[in-house]
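Here is the file input.cif (mmCIF, C-alpha atoms and all ligand atoms).
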```cif
data_run
#
loop_
_atom_site.label_atom_id
_atom_site.label_comp_id
_atom_site.auth_asym_id
_atom_site.auth_seq_id
_atom_site.Cartn_x
_atom_site.Cartn_y
_atom_site.Cartn_z
CA MET A 1 15.25 26.91 26.14
CA ASN A 2 18.63 27.39 24.59
CA PRO A 3 20.67 24.20 24.50
CA THR A 4 24.43 24.51 24.96
CA PRO A 5 26.52 23.53 21.96
CA GLU A 6 27.82 20.45 23.71
CA GLU A 7 24.54 19.01 24.86
CA PHE A 8 21.16 18.11 23.53
CA PRO A 9 18.35 19.10 25.87
CA ALA A 10 17.60 16.19 28.22
CA HIS A 11 14.39 15.30 26.39
CA VAL A 12 16.19 15.01 23.06
CA GLU A 13 18.84 12.78 24.65
CA HIS A 14 16.11 10.69 26.23
CA ALA A 15 14.31 10.30 22.93
CA ALA A 16 17.59 9.35 21.29
CA LEU A 17 18.22 6.59 23.79
CA GLU A 18 14.71 5.34 23.37
CA HIS A 19 15.23 5.32 19.63
CA ALA A 20 18.31 3.22 20.17
CA GLY A 21 16.18 0.76 22.14
CA LEU A 22 18.51 1.19 25.10
CA GLU A 23 15.89 2.09 27.64
CA ASN A 24 13.87 -1.06 27.21
CA GLY A 25 16.47 -3.67 26.40
CA GLY A 26 16.02 -3.02 22.71
CA LEU A 27 12.93 -5.21 22.65
CA GLU A 28 10.26 -2.83 21.50
CA PHE A 29 12.16 -1.59 18.55
CA ASP A 30 12.27 -4.78 16.60
CA ALA A 31 11.60 -2.75 13.50
CA TYR A 32 15.24 -1.83 13.88
CA ALA A 33 16.48 -5.34 14.50
CA VAL A 34 19.25 -6.03 12.10
CA ASP A 35 21.13 -9.09 11.10
CA LEU A 36 24.26 -9.02 13.22
CA GLU A 37 26.00 -11.14 10.64
CA ARG A 38 25.89 -8.25 8.20
CA ASP A 39 29.11 -6.90 6.83
CA LEU A 40 31.34 -4.39 8.43
CA VAL A 41 30.39 -1.91 5.75
CA SER A 42 26.65 -2.43 5.96
CA PRO A 43 25.12 1.04 6.24
CA GLU A 44 22.51 -0.14 8.74
CA ALA A 45 23.31 0.38 12.43
CA GLU A 46 23.81 -2.65 14.60
CA ILE A 47 22.07 -2.71 17.96
CA ASP A 48 25.15 -2.41 20.18
CA GLU A 49 26.42 0.32 17.92
CA ARG A 50 23.64 2.77 18.63
CA GLN A 51 24.98 3.92 21.98
CA ILE A 52 28.31 4.80 20.42
CA GLU A 53 26.51 6.48 17.54
CA ALA A 54 24.53 8.56 19.99
CA ALA A 55 27.82 9.77 21.48
CA LEU A 56 29.25 10.65 18.08
CA ARG A 57 26.23 12.48 16.70
CA PRO A 58 26.79 16.13 15.94
CA ARG A 59 24.42 18.11 18.11
CA ARG A 60 24.17 21.44 16.34
CA LEU A 61 23.71 22.32 12.71
CA ALA A 62 27.07 24.08 12.66
CA GLU A 63 28.76 20.82 13.68
CA PHE A 64 27.01 18.79 10.98
CA ILE A 65 29.56 18.04 8.27
CA GLY A 66 28.80 18.08 4.53
CA GLN A 67 25.35 18.31 2.88
CA ALA A 68 25.99 22.03 2.55
CA ARG A 69 22.82 22.85 0.66
CA VAL A 70 20.55 20.95 3.05
CA ARG A 71 22.27 22.61 6.00
CA GLU A 72 21.80 26.07 4.55
CA GLN A 73 18.15 25.48 3.72
CA LEU A 74 17.46 24.04 7.15
CA SER A 75 19.23 26.83 8.92
CA LEU A 76 17.07 29.40 7.12
CA MET A 77 13.87 27.56 7.95
CA LEU A 78 14.76 27.12 11.59
CA GLU A 79 15.90 30.67 12.09
CA SER A 80 12.80 32.08 10.46
CA ALA A 81 10.53 29.85 12.56
CA LEU A 82 12.33 30.91 15.71
CA ARG A 83 12.00 34.59 14.82
CA ARG A 84 8.33 34.30 14.04
CA GLN A 85 7.83 32.03 17.05
CA ARG A 86 5.98 29.57 14.84
CA THR A 87 6.50 25.86 14.34
CA PRO A 88 8.47 25.29 11.12
CA ASP A 89 6.96 23.42 8.16
CA HIS A 90 6.99 19.64 8.15
CA MET A 91 10.23 18.25 6.73
CA LEU A 92 11.17 15.10 4.87
CA MET A 93 14.69 13.66 4.94
CA SER A 94 15.32 11.36 2.02
CA GLY A 95 18.36 9.22 1.20
CA PRO A 96 20.20 5.94 1.78
CA PRO A 97 20.81 4.64 5.34
CA GLY A 98 23.61 6.04 7.51
CA LEU A 99 23.84 9.50 5.93
CA GLY A 100 22.54 11.49 8.91
CA LYS A 101 18.74 11.65 8.64
CA THR A 102 18.12 10.79 12.30
CA THR A 103 20.96 13.06 13.33
CA LEU A 104 19.36 15.96 11.48
CA ALA A 105 15.98 15.31 13.12
CA MET A 106 17.65 15.51 16.52
CA ILE A 107 19.50 18.63 15.52
CA ILE A 108 16.24 20.26 14.42
CA ALA A 109 14.68 19.64 17.83
CA GLY A 110 17.88 20.77 19.54
CA GLU A 111 18.10 24.00 17.53
CA LEU A 112 14.46 24.78 18.20
CA GLY A 113 14.87 23.93 21.88
CA ALA A 114 11.81 21.73 21.37
CA PRO A 115 11.00 18.30 22.75
CA LEU A 116 11.47 15.37 20.38
CA ARG A 117 9.32 12.28 20.00
CA ILE A 118 10.68 9.40 17.95
CA THR A 119 8.82 6.56 16.30
CA SER A 120 9.01 4.62 13.07
CA GLY A 121 6.68 3.66 10.22
CA PRO A 122 6.60 -0.05 11.04
CA ALA A 123 5.62 0.75 14.65
CA LEU A 124 2.50 2.56 13.42
CA GLU A 125 0.44 -0.43 12.43
CA ARG A 126 -2.94 1.00 13.34
CA ALA A 127 -4.38 4.50 13.29
CA GLY A 128 -4.70 4.19 17.08
CA ASP A 129 -0.93 3.88 17.46
CA LEU A 130 -0.49 7.25 15.79
CA ALA A 131 -3.48 8.85 17.56
CA ALA A 132 -1.91 7.95 20.91
CA ILE A 133 1.24 9.84 19.97
CA LEU A 134 -0.40 12.81 18.25
CA SER A 135 -2.88 13.47 21.03
CA THR A 136 -0.12 13.70 23.63
CA LEU A 137 2.24 16.01 21.72
CA SER A 138 3.04 19.28 23.41
CA GLU A 139 3.06 22.56 21.52
CA GLY A 140 6.04 22.91 19.18
CA GLU A 141 7.17 19.32 19.69
CA VAL A 142 9.15 17.66 16.90
CA LEU A 143 7.78 14.26 15.89
CA PHE A 144 10.31 12.11 14.05
CA ILE A 145 8.96 9.18 12.03
CA ASP A 146 11.76 7.03 10.66
CA GLU A 147 11.04 4.81 7.63
CA ILE A 148 7.84 6.77 7.13
CA HIS A 149 7.09 4.95 3.87
CA ARG A 150 6.41 1.80 5.88
CA MET A 151 3.53 3.24 7.87
CA ALA A 152 0.15 1.44 7.61
CA ARG A 153 -2.43 3.07 5.35
CA PRO A 154 -5.01 4.04 8.07
CA ALA A 155 -2.27 5.73 10.11
CA GLU A 156 -1.09 7.53 7.00
CA GLU A 157 -4.56 8.93 6.36
CA MET A 158 -4.79 10.15 9.93
CA LEU A 159 -1.43 11.83 9.49
CA TYR A 160 -2.65 13.87 6.48
CA LEU A 161 -5.24 15.65 8.56
CA ALA A 162 -2.90 16.06 11.50
CA MET A 163 -0.20 17.64 9.32
CA GLU A 164 -2.58 19.99 7.60
CA ASP A 165 -5.08 21.03 10.26
CA PHE A 166 -3.50 19.84 13.52
CA ARG A 167 -6.56 17.70 14.04
CA VAL A 168 -7.33 13.99 14.20
CA ASP A 169 -10.66 12.28 13.77
CA ILE A 170 -11.17 9.56 16.34
CA ILE A 171 -13.62 7.00 14.98
CA VAL A 172 -16.00 5.63 17.58
CA GLY A 173 -18.08 2.54 16.83
CA LYS A 174 -18.18 0.39 13.72
CA GLY A 175 -20.14 0.15 10.49
CA PRO A 176 -22.96 2.58 9.63
CA GLY A 177 -23.24 3.77 13.24
CA ALA A 178 -19.56 4.85 13.44
CA THR A 179 -18.95 8.51 14.16
CA ALA A 180 -15.85 10.63 13.88
CA ILE A 181 -15.03 12.78 16.88
CA PRO A 182 -12.63 15.56 15.91
CA LEU A 183 -9.82 16.20 18.34
CA ASP A 184 -7.51 19.21 18.17
CA ILE A 185 -3.84 18.51 18.63
CA ALA A 186 -0.99 20.87 19.48
CA PRO A 187 0.87 22.41 16.51
CA PHE A 188 3.93 20.26 15.91
CA THR A 189 6.62 19.73 13.30
CA LEU A 190 6.79 16.37 11.61
CA VAL A 191 10.21 15.21 10.47
CA GLY A 192 9.90 12.13 8.29
CA ALA A 193 12.84 10.03 7.11
CA THR A 194 12.75 7.65 4.20
CA THR A 195 15.15 5.60 2.16
CA ARG A 196 12.50 5.39 -0.56
CA ALA A 197 10.89 8.75 -1.22
CA GLY A 198 9.41 7.32 -4.44
CA LEU A 199 7.17 5.06 -2.37
CA LEU A 200 5.51 7.89 -0.48
CA PRO A 201 1.99 8.54 -1.67
CA ALA A 202 1.68 11.96 -3.32
CA PRO A 203 -0.77 13.35 -0.71
CA LEU A 204 1.78 12.65 2.01
CA ARG A 205 4.75 13.95 0.03
CA ASP A 206 2.88 17.14 -0.81
CA ARG A 207 2.26 17.93 2.84
CA PHE A 208 5.94 18.37 3.57
CA GLY A 209 7.01 21.97 3.17
CA PHE A 210 10.64 20.97 2.71
CA THR A 211 12.47 17.89 1.44
CA ALA A 212 16.14 17.35 2.17
CA HIS A 213 17.77 15.09 -0.41
CA MET A 214 20.77 13.56 1.33
CA ASP A 215 23.58 12.38 -0.89
CA PHE A 216 26.66 10.24 -0.27
CA TYR A 217 29.57 12.15 1.27
CA ASP A 218 32.80 12.75 -0.59
CA VAL A 219 36.14 11.60 0.76
CA ALA A 220 37.13 15.04 2.11
CA GLU A 221 33.87 15.30 4.08
CA LEU A 222 34.28 11.80 5.47
CA GLU A 223 37.80 12.72 6.56
CA ARG A 224 36.31 15.55 8.59
CA VAL A 225 33.73 13.18 10.09
CA LEU A 226 36.55 10.80 11.01
CA LYS A 227 38.73 13.47 12.57
CA ARG A 228 35.84 14.69 14.68
CA SER A 229 35.00 11.15 15.82
CA ALA A 230 38.67 10.35 16.47
CA ARG A 231 38.90 13.40 18.71
CA LEU A 232 35.80 12.33 20.64
CA LEU A 233 37.05 8.74 20.94
CA ARG A 234 40.60 9.95 21.73
CA VAL A 235 42.12 8.03 18.84
CA PRO A 236 45.25 9.70 17.42
CA LEU A 237 44.46 9.68 13.71
CA PRO A 238 47.04 10.95 11.23
CA GLU A 239 45.86 12.69 8.07
CA ASP A 240 46.78 9.90 5.65
CA ALA A 241 45.19 7.19 7.81
CA ALA A 242 41.98 9.27 7.92
CA HIS A 243 42.14 9.52 4.15
CA GLU A 244 42.55 5.76 3.77
CA ILE A 245 39.53 5.02 6.00
CA ALA A 246 37.42 7.75 4.34
CA ARG A 247 38.14 6.36 0.89
CA ARG A 248 36.84 2.96 1.93
CA SER A 249 33.73 4.11 3.81
CA ARG A 250 31.15 3.79 1.05
CA GLY A 251 30.36 7.51 1.18
CA THR A 252 28.61 6.93 4.52
CA PRO A 253 29.44 8.53 7.89
CA ARG A 254 28.01 5.56 9.81
CA ILE A 255 30.46 3.25 8.03
CA ALA A 256 33.36 5.69 8.47
CA ASN A 257 32.78 5.72 12.24
CA ARG A 258 32.54 1.95 12.33
CA LEU A 259 35.75 1.43 10.35
CA LEU A 260 37.51 3.91 12.61
CA ARG A 261 36.67 1.79 15.64
CA ARG A 262 37.81 -1.41 13.92
CA VAL A 263 41.07 0.21 12.83
CA ARG A 264 41.60 1.45 16.38
CA ASP A 265 41.04 -2.10 17.72
CA PHE A 266 43.55 -3.44 15.24
CA SER A 267 46.10 -0.79 16.08
CA GLU A 268 45.75 -1.45 19.82
CA VAL A 269 45.96 -5.23 19.57
CA ARG A 270 48.39 -5.71 16.70
CA ALA A 271 50.40 -2.52 16.42
CA GLY A 272 50.98 -1.38 19.99
CA GLY A 273 48.60 1.56 19.51
CA GLU A 274 50.39 2.93 16.48
CA LEU A 275 48.12 4.11 13.68
CA THR A 276 49.56 4.85 10.26
CA ARG A 277 48.07 4.69 6.78
CA GLU A 278 49.67 1.26 6.26
CA ILE A 279 48.24 -0.04 9.53
CA ALA A 280 44.78 1.30 8.65
CA SER A 281 45.06 -0.30 5.23
CA THR A 282 46.16 -3.68 6.62
CA ALA A 283 43.31 -3.60 9.14
CA LEU A 284 40.75 -2.82 6.45
CA ASP A 285 42.10 -5.60 4.24
CA LEU A 286 41.80 -7.95 7.19
CA TYR A 287 38.17 -6.95 7.64
CA GLU A 288 37.62 -7.50 3.90
CA VAL A 289 36.64 -3.95 3.06
CA ASP A 290 37.72 -3.52 -0.51
CA GLY A 291 39.56 -0.55 -2.01
CA GLU A 292 36.35 1.15 -3.08
CA GLY A 293 34.54 0.38 0.18
CA LEU A 294 32.25 -2.12 -1.53
CA ASP A 295 30.64 -4.54 0.90
CA ARG A 296 29.65 -8.16 0.45
CA LEU A 297 26.20 -7.30 -0.89
CA ASP A 298 27.60 -4.75 -3.35
CA ARG A 299 30.11 -7.29 -4.59
CA ALA A 300 27.48 -10.04 -4.76
CA VAL A 301 25.19 -7.82 -6.85
CA LEU A 302 28.00 -6.82 -9.18
CA GLY A 303 29.32 -10.38 -9.37
CA ALA A 304 25.88 -11.77 -10.29
CA LEU A 305 25.30 -9.03 -12.82
CA LEU A 306 28.60 -9.79 -14.55
CA ARG A 307 28.95 -13.54 -14.16
CA LYS A 308 25.33 -14.69 -14.40
CA PHE A 309 23.85 -12.09 -16.69
CA GLY A 310 26.83 -11.08 -18.82
CA GLY A 311 26.62 -7.51 -17.54
CA GLY A 312 22.86 -7.15 -18.10
CA PRO A 313 20.45 -5.68 -18.80
CA VAL A 314 18.62 -7.63 -16.10
CA GLY A 315 15.54 -6.78 -14.04
CA LEU A 316 15.86 -5.81 -10.37
CA SER A 317 13.86 -8.75 -9.04
CA THR A 318 15.84 -11.30 -11.10
CA LEU A 319 19.07 -9.79 -9.83
CA ALA A 320 17.80 -9.84 -6.24
CA VAL A 321 16.84 -13.51 -6.49
CA ALA A 322 20.30 -14.29 -7.85
CA VAL A 323 21.94 -12.86 -4.72
CA GLY A 324 19.29 -14.23 -2.33
CA GLU A 325 18.14 -10.81 -1.14
CA GLU A 326 14.89 -8.85 -1.14
CA SER A 327 14.50 -6.54 -4.13
CA GLU A 328 14.11 -3.65 -1.68
CA THR A 329 17.48 -4.34 -0.05
CA VAL A 330 19.25 -4.45 -3.39
CA GLU A 331 17.47 -1.29 -4.54
CA VAL A 332 17.87 0.77 -1.37
CA VAL A 333 21.17 -0.43 0.06
CA ALA A 334 23.39 -1.64 -2.77
CA GLU A 335 22.30 0.15 -5.92
CA PRO A 336 22.52 3.81 -4.92
CA PHE A 337 26.19 3.39 -4.06
CA LEU A 338 27.01 1.28 -7.11
CA VAL A 339 25.36 3.89 -9.32
CA ARG A 340 27.19 6.68 -7.55
CA GLN A 341 30.50 4.86 -8.08
CA GLY A 342 29.75 4.51 -11.77
CA LEU A 343 29.70 0.71 -11.55
CA LEU A 344 26.06 0.13 -12.40
CA ALA A 345 23.48 1.93 -14.51
CA ARG A 346 19.71 1.75 -14.31
CA THR A 347 18.21 1.68 -17.79
CA PRO A 348 14.63 1.22 -18.97
CA ARG A 349 15.53 -2.35 -19.91
CA GLY A 350 17.11 -3.22 -16.58
CA ARG A 351 20.35 -3.00 -14.63
CA VAL A 352 23.55 -2.81 -16.65
CA ALA A 353 27.18 -3.10 -15.55
CA THR A 354 29.58 -0.40 -16.74
CA ALA A 355 33.09 -0.91 -18.06
CA LEU A 356 34.37 0.13 -14.63
CA ALA A 357 32.46 -2.75 -13.01
CA TRP A 358 34.20 -5.32 -15.20
CA ALA A 359 37.53 -3.74 -14.40
CA HIS A 360 36.76 -3.60 -10.67
CA LEU A 361 36.10 -7.34 -10.49
CA GLY A 362 39.02 -8.04 -12.82
CA LEU A 363 36.81 -9.64 -15.48
CA THR A 364 36.78 -9.24 -19.25
CA PRO A 365 33.50 -8.07 -20.72
CA PRO A 366 32.06 -9.97 -23.70
CA PRO A 367 32.69 -8.13 -26.98
CA ASP A 368 29.08 -6.91 -27.29
CA ALA A 369 28.76 -5.89 -23.60
CA PHE A 370 28.36 -2.19 -24.26
CA GLY A 371 26.08 -2.41 -27.27
CA ALA A 372 22.74 -0.71 -27.18
CA ALA A 373 21.92 -1.46 -23.56
CA LEU A 374 23.41 1.59 -21.87
CA PHE A 375 22.02 4.04 -24.36
CA ASP A 376 18.47 2.80 -24.89
P1 LIG A 401 20.38 7.72 9.12
O1 LIG A 401 19.28 8.15 10.05
O2 LIG A 401 20.38 8.47 7.82
O3 LIG A 401 20.44 6.22 8.91
P2 LIG A 401 22.13 8.63 11.27
O4 LIG A 401 21.61 9.99 11.46
O5 LIG A 401 21.69 7.59 12.27
O6 LIG A 401 21.79 8.10 9.79
O7 LIG A 401 23.72 8.72 11.19
C1 LIG A 401 24.56 7.61 11.45
C2 LIG A 401 25.81 8.03 12.20
O8 LIG A 401 26.64 8.76 11.31
C3 LIG A 401 25.52 8.97 13.37
O9 LIG A 401 25.77 8.32 14.57
C4 LIG A 401 26.51 10.10 13.26
O10 LIG A 401 27.50 9.94 14.24
C5 LIG A 401 27.16 9.93 11.93
N1 LIG A 401 26.87 11.08 11.04
C6 LIG A 401 25.88 11.15 10.12
N2 LIG A 401 25.94 12.31 9.46
C7 LIG A 401 26.98 13.01 9.98
C8 LIG A 401 27.55 14.29 9.69
N3 LIG A 401 27.06 15.07 8.72
N4 LIG A 401 28.60 14.70 10.41
C9 LIG A 401 29.11 13.88 11.37
N5 LIG A 401 28.62 12.67 11.68
C10 LIG A 401 27.57 12.22 11.00
#
```

Step by step, read the file and then write its structure as structure tokens.
Ligand code: ADP
Amino acid sequence: MNPTPEEFPAHVEHAALEHAGLENGGLEFDAYAVDLERDLVSPEAEIDERQIEAALRPRRLAEFIGQARVREQLSLMLESALRRQRTPDHMLMSGPPGLGKTTLAMIIAGELGAPLRITSGPALERAGDLAAILSTLSEGEVLFIDEIHRMARPAEEMLYLAMEDFRVDIIVGKGPGATAIPLDIAPFTLVGATTRAGLLPAPLRDRFGFTAHMDFYDVAELERVLKRSARLLRVPLPEDAAHEIARRSRGTPRIANRLLRRVRDFSEVRAGGELTREIASTALDLYEVDGEGLDRLDRAVLGALLRKFGGGPVGLSTLAVAVGEESETVEVVAEPFLVRQGLLARTPRGRVATALAWAHLGLTPPPDAFGAALFD
């Protein structure tokens, strides 16, 4: 099958909708439930946002903006697999939320003209949950497991064998009388996504033939994302307004698309449909997105680090308690961006604020703030 540039094959579209929880009222996918109170610049997708996201997803590799190296590597792998008529190696997408991991998984299936099955680590609580999926895969199918680091251990062990030998052992009975019945499964390609590659056990990590390290997007790339989305949403978006939104999007396409829709709302309701850089900027101020695109959690983490711990060094868990969040949220969601912006450094002794962080919050660092800590 050769999908047209404009459309995913029907089965990929179907899987995408299922992923969005739109085919079952969103109930089964509670692993994806998110706090709707979260900030406008939270990189996690909100439930009602997924349908719009599905419409804005690039469908072919050539349409995928940025991540040039990953795109090039993927394109080689896919082309070679297609030529040899073999399923490509298993692939791992690693990086913070909202950077395009799911989109890439869908593109992989689309480019291969292969069916796509989507599930997530938290949904695979027992080995049986995974066996049910693996045993019904068709040849060449792409299996996407989001948040793969959150899969239960027995399912993970079953996955090792499946990835390596396209086989699962179904255990029948219990205790000493239990027997393993081997079951062949169709050759498939696993695409795993994780925000925490470091948590993947080595045997699982080693079974991926390719790892895509996704990084935050730069402003020019986000401008291209925004222009593409504006075209699809029929929003007239001048260059400088695109730049203003891109600058404040936290390096994340999901956030760029969300801010675009909020700016459009503002322009329609308050500015008679006019959209200039000033109007975009006023709208973003109104929605409390700061000049660097820092969200409430980012600012809370920085604020605590500076005001409560004098700029650090402070341990991750202490910092997380100070902002009332899980350590994982602070580590996966806030920190990568703060580090990338040069506002926070991770040192062996703990988290440390940089001079830029003090300046960003308009605070004066204590005289000894940049002593040994940063350079230990
Ligand atoms: P992740 O799985 O990493 O959390 P997604 O793949 O769901 O992120 O991407 C979130 C949204 O951002 C998608 O709906 C898509 O519209 C947009 N997006 C992500 N990457 C790109 C890109 N490279 N080019 C254009 N849009 C993108």

Report as a tab-separated table: every residue of chain A with an atom at most 6 Å from ligand LIG 401 (chain A), its closest pair of atoms, and their distance in Å to one decimal, counting only C-alpha atoms and all ligand atoms, with rows sorted by chain and ascending residue number.
```
residue	atom	partner	partner_atom	distance
A:Glu53	CA	A:LIG401	O9	3.6
A:Ala54	CA	A:LIG401	O9	5.6
A:Leu56	CA	A:LIG401	O10	4.3
A:Arg57	CA	A:LIG401	O10	3.8
A:Pro58	CA	A:LIG401	C9	5.6
A:Phe64	CA	A:LIG401	N3	4.4
A:Ile65	CA	A:LIG401	N3	3.9
A:Gly66	CA	A:LIG401	N3	5.4
A:Pro97	CA	A:LIG401	O3	3.9
A:Gly98	CA	A:LIG401	O3	3.5
A:Leu99	CA	A:LIG401	O2	4.1
A:Gly100	CA	A:LIG401	O4	3.1
A:Lys101	CA	A:LIG401	O2	3.7
A:Thr102	CA	A:LIG401	O1	3.7
A:Thr103	CA	A:LIG401	O4	3.7
A:Val225	CA	A:LIG401	C9	4.8
A:Pro253	CA	A:LIG401	O8	4.4
A:Arg254	CA	A:LIG401	O8	3.8
```

**OP:** Fewer than 3 positions away in the same chain doesn't count, so skip those; otherwise give me all residues within 12 Å of Glu288 (chain A), counting all atoms listed in the file, as JSON, numbers by chain.
**Re:** {"A": [39, 40, 41, 248, 259, 262, 281, 282, 283, 284, 285, 291, 292, 293, 294, 295, 296, 299]}

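Our summary of the geometry notes that CA of Tyr160 (chain A) is positioned 6.4 Å from CA of Leu204 (chain A).
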
**OP:** Figure out the distance between CA of Arg340 (chain A) and CA of Leu190 (chain A), please, to one decimal in Å.
**Re:** 29.6 Å

**OP:** Skip Gly324 (chain A) itself and residues of its chain fewer than 3 positions away, then list as a PyMOL selection string all residues within 10 Å of it, counting only C-alpha atoms.
**Re:** chain A and resi 297+300-301+318-321+327+330

**OP:** Could you pull out every residue with an atom within 12 Å of (28.6, -2.2, -16.0), file coordinates, counting all atoms listed in the file, and send them as a ChimeraX atom specification?
**Re:** /A:301-307,309-314,338-339,341-347,350-361,363-366,369-371,373-374

Restricting it to C-alpha atoms, dump the selection as a PDB file, keeping the file's coordinate frame.
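Output file again01.pdb follows:
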```
ATOM      1  CA  VAL A 301      25.190  -7.820  -6.850  1.00  0.00           C
ATOM      2  CA  LEU A 302      28.000  -6.820  -9.180  1.00  0.00           C
ATOM      3  CA  GLY A 303      29.320 -10.380  -9.370  1.00  0.00           C
ATOM      4  CA  ALA A 304      25.880 -11.770 -10.290  1.00  0.00           C
ATOM      5  CA  LEU A 305      25.300  -9.030 -12.820  1.00  0.00           C
ATOM      6  CA  LEU A 306      28.600  -9.790 -14.550  1.00  0.00           C
ATOM      7  CA  ARG A 307      28.950 -13.540 -14.160  1.00  0.00           C
ATOM      8  CA  PHE A 309      23.850 -12.090 -16.690  1.00  0.00           C
ATOM      9  CA  GLY A 310      26.830 -11.080 -18.820  1.00  0.00           C
ATOM     10  CA  GLY A 311      26.620  -7.510 -17.540  1.00  0.00           C
ATOM     11  CA  GLY A 312      22.860  -7.150 -18.100  1.00  0.00           C
ATOM     12  CA  PRO A 313      20.450  -5.680 -18.800  1.00  0.00           C
ATOM     13  CA  VAL A 314      18.620  -7.630 -16.100  1.00  0.00           C
ATOM     14  CA  LEU A 338      27.010   1.280  -7.110  1.00  0.00           C
ATOM     15  CA  VAL A 339      25.360   3.890  -9.320  1.00  0.00           C
ATOM     16  CA  GLN A 341      30.500   4.860  -8.080  1.00  0.00           C
ATOM     17  CA  GLY A 342      29.750   4.510 -11.770  1.00  0.00           C
ATOM     18  CA  LEU A 343      29.700   0.710 -11.550  1.00  0.00           C
ATOM     19  CA  LEU A 344      26.060   0.130 -12.400  1.00  0.00           C
ATOM     20  CA  ALA A 345      23.480   1.930 -14.510  1.00  0.00           C
ATOM     21  CA  ARG A 346      19.710   1.750 -14.310  1.00  0.00           C
ATOM     22  CA  THR A 347      18.210   1.680 -17.790  1.00  0.00           C
ATOM     23  CA  GLY A 350      17.110  -3.220 -16.580  1.00  0.00           C
ATOM     24  CA  ARG A 351      20.350  -3.000 -14.630  1.00  0.00           C
ATOM     25  CA  VAL A 352      23.550  -2.810 -16.650  1.00  0.00           C
ATOM     26  CA  ALA A 353      27.180  -3.100 -15.550  1.00  0.00           C
ATOM     27  CA  THR A 354      29.580  -0.400 -16.740  1.00  0.00           C
ATOM     28  CA  ALA A 355      33.090  -0.910 -18.060  1.00  0.00           C
ATOM     29  CA  LEU A 356      34.370   0.130 -14.630  1.00  0.00           C
ATOM     30  CA  ALA A 357      32.460  -2.750 -13.010  1.00  0.00           C
ATOM     31  CA  TRP A 358      34.200  -5.320 -15.200  1.00  0.00           C
ATOM     32  CA  ALA A 359      37.530  -3.740 -14.400  1.00  0.00           C
ATOM     33  CA  HIS A 360      36.760  -3.600 -10.670  1.00  0.00           C
ATOM     34  CA  LEU A 361      36.100  -7.340 -10.490  1.00  0.00           C
ATOM     35  CA  LEU A 363      36.810  -9.640 -15.480  1.00  0.00           C
ATOM     36  CA  THR A 364      36.780  -9.240 -19.250  1.00  0.00           C
ATOM     37  CA  PRO A 365      33.500  -8.070 -20.720  1.00  0.00           C
ATOM     38  CA  PRO A 366      32.060  -9.970 -23.700  1.00  0.00           C
ATOM     39  CA  ALA A 369      28.760  -5.890 -23.600  1.00  0.00           C
ATOM     40  CA  PHE A 370      28.360  -2.190 -24.260  1.00  0.00           C
ATOM     41  CA  GLY A 371      26.080  -2.410 -27.270  1.00  0.00           C
ATOM     42  CA  ALA A 373      21.920  -1.460 -23.560  1.00  0.00           C
ATOM     43  CA  LEU A 374      23.410   1.590 -21.870  1.00  0.00           C
TER      44      LEU A 374
END
```

Original post:
At what distance in Å, to one decimal, does CA of Gln51 (chain A) lie from CA of Ser94 (chain A)?
Top reply: 23.4 Å

Subject >> Selected residue, from A:Thr119, A:Thr136, A:Thr276, A:Thr87, that lies nearest to Gly209 (chain A) when counting only C-alpha atoms >> reply: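 Closest candidate: A:Thr87.
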
**OP:** For region 210-217 of chain A, please output as a ChimeraX atom specification all residues within 10 Å (counting only C-alpha atoms; exclusion window: fewer than 5 positions along the same chain).
**Re:** /A:65-67,69-71,73-74,77,88-101,104,191-193,195,197,205,222-223,225,246,249-253,336-337,340
